[in-house]
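S.K.: Take a look at this one; I'll ask things after.
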Amino acid sequence: MTNRPLSNPSQASQAALPTTHRDSPRTSGASAVDPPIRCVSIDVEEYFHIEAAHGAIDRSGWGDWPPRVRRNMDLLLELFDRTGCRATFFFLGCVAERHPDLARRCVDLGHEVASHGSMHDRLHRLTPDTMRKDVTDSKRLLEDQTGQAVRGFRSPSWSLTRETAWAVEVLAEAGFEYDASVYPVSHPAYGVPDAPDRPYFLQGVEGGACILEVPPLTWRVMDRNLPVAGGGYFRLLPKSLMMRGLSQAEAQGRPGVLYFHPWEFDPDMPRMPLNMTGRVRTYTGLRSAEARLEKVLRSFDGWATIGGQLDRLNGLAKATGVFTLRRQAAA
Ligand SMILES: [Zn+2]
């Protein structure tokens with residue numbers, strides 16, 4: 001890695017840009033002839049793996065809940081087929097193990113398979129050693145199933161934050177070429193609000209390894225990054241917010257990376273004993289999600305896998321520079 005830290009990590013993303021780009025950070029790395037980068041990503045997990053169910057459904061009880069991921073993956077793969085969209089699927093290892101043909105099917109259809117870890121543990125619940133096993137097990141399993149290198153990782157529940165800065169070293173050691181885990185927004189459970197809203201090189205701890213970071217789409221309004229990339233925000237808020245975010249990203253030379261989960265397209269999934277907030281976030285908008293996503297996909301073109309765009313994403317990251325989560329190693 002030839003890039004070096006360019007700024008104090010507590011400063012906003014523009015400050016992390018090399019001097020030559022400070023005057024026009026919104027277009028840095030983009031060329032007039034380059035088509036916009038737009039990617040749809042799917043975190044392939046079951047409804048009972050979600051963070052809202054953690055505590056309500058014990059891991060030992062997962063087997064009591066009927067699997068739905070196959071039905072939902074059928075729906076998504078058909079949707080992507082009819083819209084000509086190629087997507088990145090971040091598979092959970094335990095899902096790939098239970099449904100050993102699914103990852104291969106994605107690859108055969110021209111999609112990318114990447115890793116969402118093995119057991120959907122937020123990184124805060126892991127140590128460097130247990131995370132190393134979690135991610136390398138899932139990477140190896142998916143590579144065995146698909147015959148292709150797994151290049152990307154997304155942490156469960158956007159849990160790569162300043163508190164889990166050590167995880168960057170683990171990802172680099174494990175051979176991942178990119179990470180897509182850092183949400184540059186303010187949220188009580190996740191996010192790094194001052195992280196760049198465009199590709200950059202993520203460094204966990206000062207002096208440590210870096211990895212290409214591909215953040216989810218945000219919509220910049222009134223000096224704040226609004227989360228408009230998918231998930232509950234997509235189902236709870238008007239889809240026009242996502243559309244505006246995509247248009248703004250294109251105008252600013254930023255990629256538009258969206259994310260969804262198979263269970264979000266499943267109005268008939270069994271209802272779990274969640275608290276009120278969990279119920280609203282999980283069960284709102286399921287019936288209309290497919291039509292809404294189709295509308296978004298048809299409103300913009302060029303949907304491609306993240307892995308297929310790595311050369312351009314690395315070029316954009318070079319223009320942005322390095323963003324360091326922690327200036328000093330944790331004691
Ligand atoms: Zn997840």
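In the structure tokens, each chain is lettered A, B, ... as it comes, each chain's residues begin at 1, and ligands are numbered from 1 in order of appearance.
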May I have all residues of stretch 76-278 of chain A that DSSP, computed from the backbone, assigns to strand (DSSP E), given as a CSV table (one decimal) with C-alpha atoms, in the first residue's frame?
M.R.:
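Full text of out.csv as output:
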```csv
chain,number,residue,atom,x,y,z
A,88,THR,CA,-23.1,-9.1,-5.4
A,89,PHE,CA,-24.3,-11.7,-2.9
A,90,PHE,CA,-22.7,-11.5,0.6
A,91,PHE,CA,-23.4,-15.1,1.8
A,112,GLU,CA,-20.6,-12.2,-7.6
A,113,VAL,CA,-20.4,-14.3,-4.4
A,114,ALA,CA,-18.8,-12.6,-1.4
A,115,SER,CA,-18.7,-13.2,2.4
A,152,GLY,CA,-15.3,-9.0,-0.7
A,153,PHE,CA,-16.6,-9.0,2.8
A,178,TYR,CA,-12.4,-5.1,-0.5
A,179,ASP,CA,-14.7,-4.5,2.4
A,200,TYR,CA,-11.3,4.9,0.0
A,201,PHE,CA,-8.6,2.9,1.7
A,202,LEU,CA,-9.7,1.9,5.2
A,203,GLN,CA,-6.9,1.6,7.8
A,204,GLY,CA,-8.0,0.1,11.1
A,205,VAL,CA,-5.2,1.2,13.3
A,210,CYS,CA,-5.4,-1.0,4.6
A,211,ILE,CA,-8.2,-2.5,2.5
A,212,LEU,CA,-10.3,-0.9,-0.2
A,213,GLU,CA,-13.6,0.2,1.4
A,218,THR,CA,-25.7,8.0,1.3
A,219,TRP,CA,-27.6,11.1,0.3
A,220,ARG,CA,-25.8,14.3,1.4
A,221,VAL,CA,-28.3,16.8,2.7
A,224,ARG,CA,-25.3,15.1,6.9
A,225,ASN,CA,-25.1,11.7,5.2
A,226,LEU,CA,-28.6,10.2,5.2
A,227,PRO,CA,-28.7,6.4,4.9
A,256,GLY,CA,-24.3,4.0,-5.8
A,257,VAL,CA,-24.1,0.8,-3.7
A,258,LEU,CA,-27.5,-0.5,-2.4
A,259,TYR,CA,-28.1,-3.4,0.0
A,260,PHE,CA,-31.1,-5.7,0.7
```
S.K.: For chain A against ligand 1, with a cut-off of 7 Å and counting only C-alpha atoms and all ligand atoms, what is the closest atom pair and its distance in Å to one decimal for every residue that makes the cut, ordered by chain and number, as a Markdown table?
M.R.:
```
| residue | atom | partner | partner_atom_place_in_ligand_line | distance |
| --- | --- | --- | --- | --- |
| A:Asp43 | CA | ligand 1 | 1 (Zn) | 5.5 |
| A:Glu45 | CA | ligand 1 | 1 (Zn) | 6.2 |
| A:Ile50 | CA | ligand 1 | 1 (Zn) | 6.2 |
| A:His116 | CA | ligand 1 | 1 (Zn) | 6.8 |
| A:His120 | CA | ligand 1 | 1 (Zn) | 6.2 |
| A:Pro156 | CA | ligand 1 | 1 (Zn) | 4.3 |
| A:Ser157 | CA | ligand 1 | 1 (Zn) | 5.4 |
```
S.K.: Between A:Gln328, A:Ser181, A:Asn72, A:Ser288, which is the closest to A:Lys239 once you count only C-alpha atoms?
M.R.: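 Checking each of A:Gln328, A:Ser181, A:Asn72, A:Ser288 against A:Lys239, counting only C-alpha atoms, the winner is A:Ser288.
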S.K.: Take atom CA of A:Arg154 and atom CA of A:Gly117 and report the distance between them in Å, one decimal.
M.R.: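 Atom-to-atom, atom CA of A:Arg154 and atom CA of A:Gly117 are spaced 7.6 Å apart.
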S.K.: Looking only at the backbone, which of the residues in stretch 15-210 of chain A does DSSP tag as helix (DSSP H, G or I), as a ChimeraX atom specification?
M.R.: /A:15-16,19-21,25-27,47-49,51-53,59-64,69-83,93-98,102-108,123-125,128-146,156-158,162-164,167-173
